[in-house]
Structure formats: structure tokens, C-alpha cells
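One structure is given below, encoded as C-alpha cells.
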Amino acid sequence: FTPDDRYLLVGCMGGGGGIAVIDMQEQRYLGRVMGMMFGVRHLVISDGYLYLSINGSGYVQRIELDKFIDAATSITGKSTELKGWTSCKVGAGARTIEVSPCGKYIFAACNFASKLYVVDAREMRVVATTSVDSFPVGLDISSNGDTLITTSQGRSGCGGNAVDIFSIEYLK
């Protein structure tokens, strides 16, 4: 949901791709916003930006939320194309993403890479990475930003079914 609960944004990882937009006040489907990379997996809204994980190719993308809403509310027909996305390459299979409470970092659990990536949210570049148990899918960060947890699904004979707990230290 957008911060004002007006719009529901649904990532369309398969099919035609894009982000489906529903106006909750009017209970009406507006259509899809396109223009981001294919394979939208997870959406996060923070500090005026919409962040996306792009599953297969392993990217994190962002755009100003106001710009996205303007495009969504001007859809004529089934979809509209929105340009201006900023991208950062992370590991293949980018799944769950979260933004640190301070808004400076994006954490990305990358399934195929079996890694956790840390992206500088302002510069949209990778600043750290670490290995996690095989095939991570989920992650969450504590409200104070000091603890991050990943969950890994694993594969037959390849580990997983695990929870990794990280203590986060931010550089000054």
C-alpha cells in the first residue's frame, strides 16, 4: 500500500510484468505501470521512493513515488510506460528487499547467488555482500536497524531450511 493507503501496488513477476495498480478508495483497477525491468518480485516504499527487487536478473530498482503515482493515475487503456528507473546490479534471484530504518541502505536476499547484498540507497551501488545459507528468500530488519534475519529455502541436498541472524554495524 502507498503510505496514504490510497493505492495497492502489486508486482507482476511473471505474465506481462510491470506493477498492477488498484485505487482502494474507488475500488478500481487502474492498469499496469511498465518500464522497469522484467521480473518484479518485491516492492518497498521508503522516504519518498518505490524500490523493487528484480528476481531473475538480480537487480534493485528505484523511482520517486510521486512520479510513479502520477504515471499510475494517468493510465489510459491497460498500461503506461514509466521511464527514469535507477538500477543497481545485485545477485541473481533478488527476492525480498528491505530498507534500513535510517533509509541509507537497501538489503537484498539473492536466492540464486545465496548472498545478502547491501546497497547504498542514495548512490544505488553495492557497498557490501556476505554469504548466507543456500537459496535465501526472505529477510527482515529490526526496527532499530541492528539485527537482520534471512530465511533460506535450500534445495534437496543443498542446505537451506535455515534462519541466518546478522548483527549490523554501520560505518560512520
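Starting from 1 in every chain, residues are counted up; chains themselves are A, B, ... following the order of the C-alpha cells, and ligands are numbered from 1 as listed.
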Using only C-alpha atoms, which protein or nucleic acid residues come within 12 Å of A:Gly15? Drop anything in the same chain fewer than 3 positions from it, and give the result as a short mmCIF file (atom, residue, chain, number, x, y, z; two decimals) with N, CA and C atoms, in the first residue's frame.
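What ended up in result05.cif:
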data_model
loop_
_atom_site.label_atom_id
_atom_site.label_comp_id
_atom_site.auth_asym_id
_atom_site.auth_seq_id
_atom_site.Cartn_x
_atom_site.Cartn_y
_atom_site.Cartn_z
N GLY A 11 3.35 -6.28 -7.60
CA GLY A 11 4.40 -6.66 -8.54
C GLY A 11 3.96 -7.87 -9.34
N CYS A 12 4.13 -7.81 -10.64
CA CYS A 12 3.74 -8.91 -11.53
C CYS A 12 5.02 -9.59 -12.02
N GLY A 18 5.47 -5.79 -15.00
CA GLY A 18 5.04 -4.48 -14.52
C GLY A 18 4.48 -4.51 -13.11
N ILE A 19 3.80 -3.44 -12.75
CA ILE A 19 3.18 -3.29 -11.44
C ILE A 19 1.72 -2.92 -11.65
N ALA A 20 0.83 -3.78 -11.14
CA ALA A 20 -0.60 -3.51 -11.21
C ALA A 20 -0.96 -2.50 -10.12
N ARG A 32 -1.62 -1.32 -15.44
CA ARG A 32 -0.24 -1.63 -15.07
C ARG A 32 0.71 -0.52 -15.48
N PHE A 38 11.98 -6.63 -16.20
CA PHE A 38 11.03 -7.73 -16.06
C PHE A 38 11.36 -8.57 -14.83
N GLY A 39 10.33 -9.03 -14.13
CA GLY A 39 10.50 -9.94 -13.01
C GLY A 39 10.39 -9.27 -11.66
N VAL A 40 9.52 -8.27 -11.53
CA VAL A 40 9.33 -7.57 -10.25
C VAL A 40 8.92 -8.58 -9.19
#
| request: Can you work out which one of A:Lys89, A:Arg62, A:Lys104, A:Arg41 has the shortest atom-to-atom distance to A:Gly138, counting only C-alpha atoms? | output: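 Of A:Lys89, A:Arg62, A:Lys104, A:Arg41, the one nearest A:Gly138 is A:Arg41, counting only C-alpha atoms.
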Proximity of stretch 81-129 of chain A to stretch 147-154 of chain A: per-residue shortest pair, 12 Å limit, only C-alpha atoms, as a Markdown table:
| residue | atom | partner | partner_atom | distance |
| --- | --- | --- | --- | --- |
| A:Arg95 | CA | A:Thr150 | CA | 10.9 |
| A:Thr96 | CA | A:Thr150 | CA | 9.2 |
| A:Ile97 | CA | A:Thr150 | CA | 10.4 |
| A:Glu98 | CA | A:Leu148 | CA | 9.7 |
| A:Val99 | CA | A:Leu148 | CA | 10.9 |
| A:Ser100 | CA | A:Leu148 | CA | 9.5 |
| A:Pro101 | CA | A:Thr147 | CA | 11.1 |
| A:Ile106 | CA | A:Leu148 | CA | 11.6 |
| A:Phe107 | CA | A:Leu148 | CA | 9.0 |
| A:Ala108 | CA | A:Thr150 | CA | 9.6 |
| A:Ala109 | CA | A:Thr150 | CA | 7.2 |
| A:Cys110 | CA | A:Ser152 | CA | 10.0 |
| A:Asn111 | CA | A:Ser152 | CA | 8.0 |
| A:Phe112 | CA | A:Gly154 | CA | 10.1 |
| A:Ala113 | CA | A:Ser152 | CA | 11.7 |
| A:Ser114 | CA | A:Ser152 | CA | 8.5 |
| A:Lys115 | CA | A:Thr150 | CA | 9.8 |
| A:Leu116 | CA | A:Thr150 | CA | 8.3 |
| A:Tyr117 | CA | A:Thr150 | CA | 11.4 |
| A:Val118 | CA | A:Leu148 | CA | 11.4 |
Proximity check stretch 42-158 of chain A to stretch 4-10 of chain A, 10 Å, nearest pairs one decimal Å, only C-alpha atoms, as CSV:
residue,atom,partner,partner_atom,distance
A:His42,CA,A:Val10,CA,8.7
A:Leu43,CA,A:Val10,CA,8.0
A:Val44,CA,A:Leu9,CA,9.8
A:Ile69,CA,A:Tyr7,CA,8.6
A:Ala72,CA,A:Tyr7,CA,9.5
A:Thr73,CA,A:Tyr7,CA,9.9
| task | Please run DSSP on the backbone and report, as a list in words, all residues within stretch 80-118 of chain A that come out as strand (DSSP E or B). | result | Thr80, Glu81, Thr86, Ser87, Cys88, Lys89, Ala94, Arg95, Thr96, Ile97, Glu98, Val99, Tyr105, Ile106, Phe107, Ala108, Ala109, Cys110, Lys115, Leu116, Tyr117 and Val118 of chain A
| A:Tyr105 environment, 12 Å, only C-alpha atoms, sequence neighbours closer than 6 positions dropped, as a ChimeraX atom specification | /A:46-47,51,60,97-99,117-128,141,145,168,170-171
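With atom CA of A:Met37 on one side and atom CA of A:Phe68 on the other, the separation reads 14.6 Å.
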| field | Nearest residue to A:Gly56 from the set A:Leu30, A:Ile75, A:Met13, A:Ile22 (distances using only C-alpha atoms) | value |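 The shortest atom-to-atom distance to A:Gly56 comes from A:Met13.
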| note | Expressed in Å, the length from atom CA of A:Gln61 to atom CA of A:Tyr29 is 23.8 Å
| Distance in Å - atom CA of A:Glu81 versus atom CA of A:Gly58 | 21.3 Å
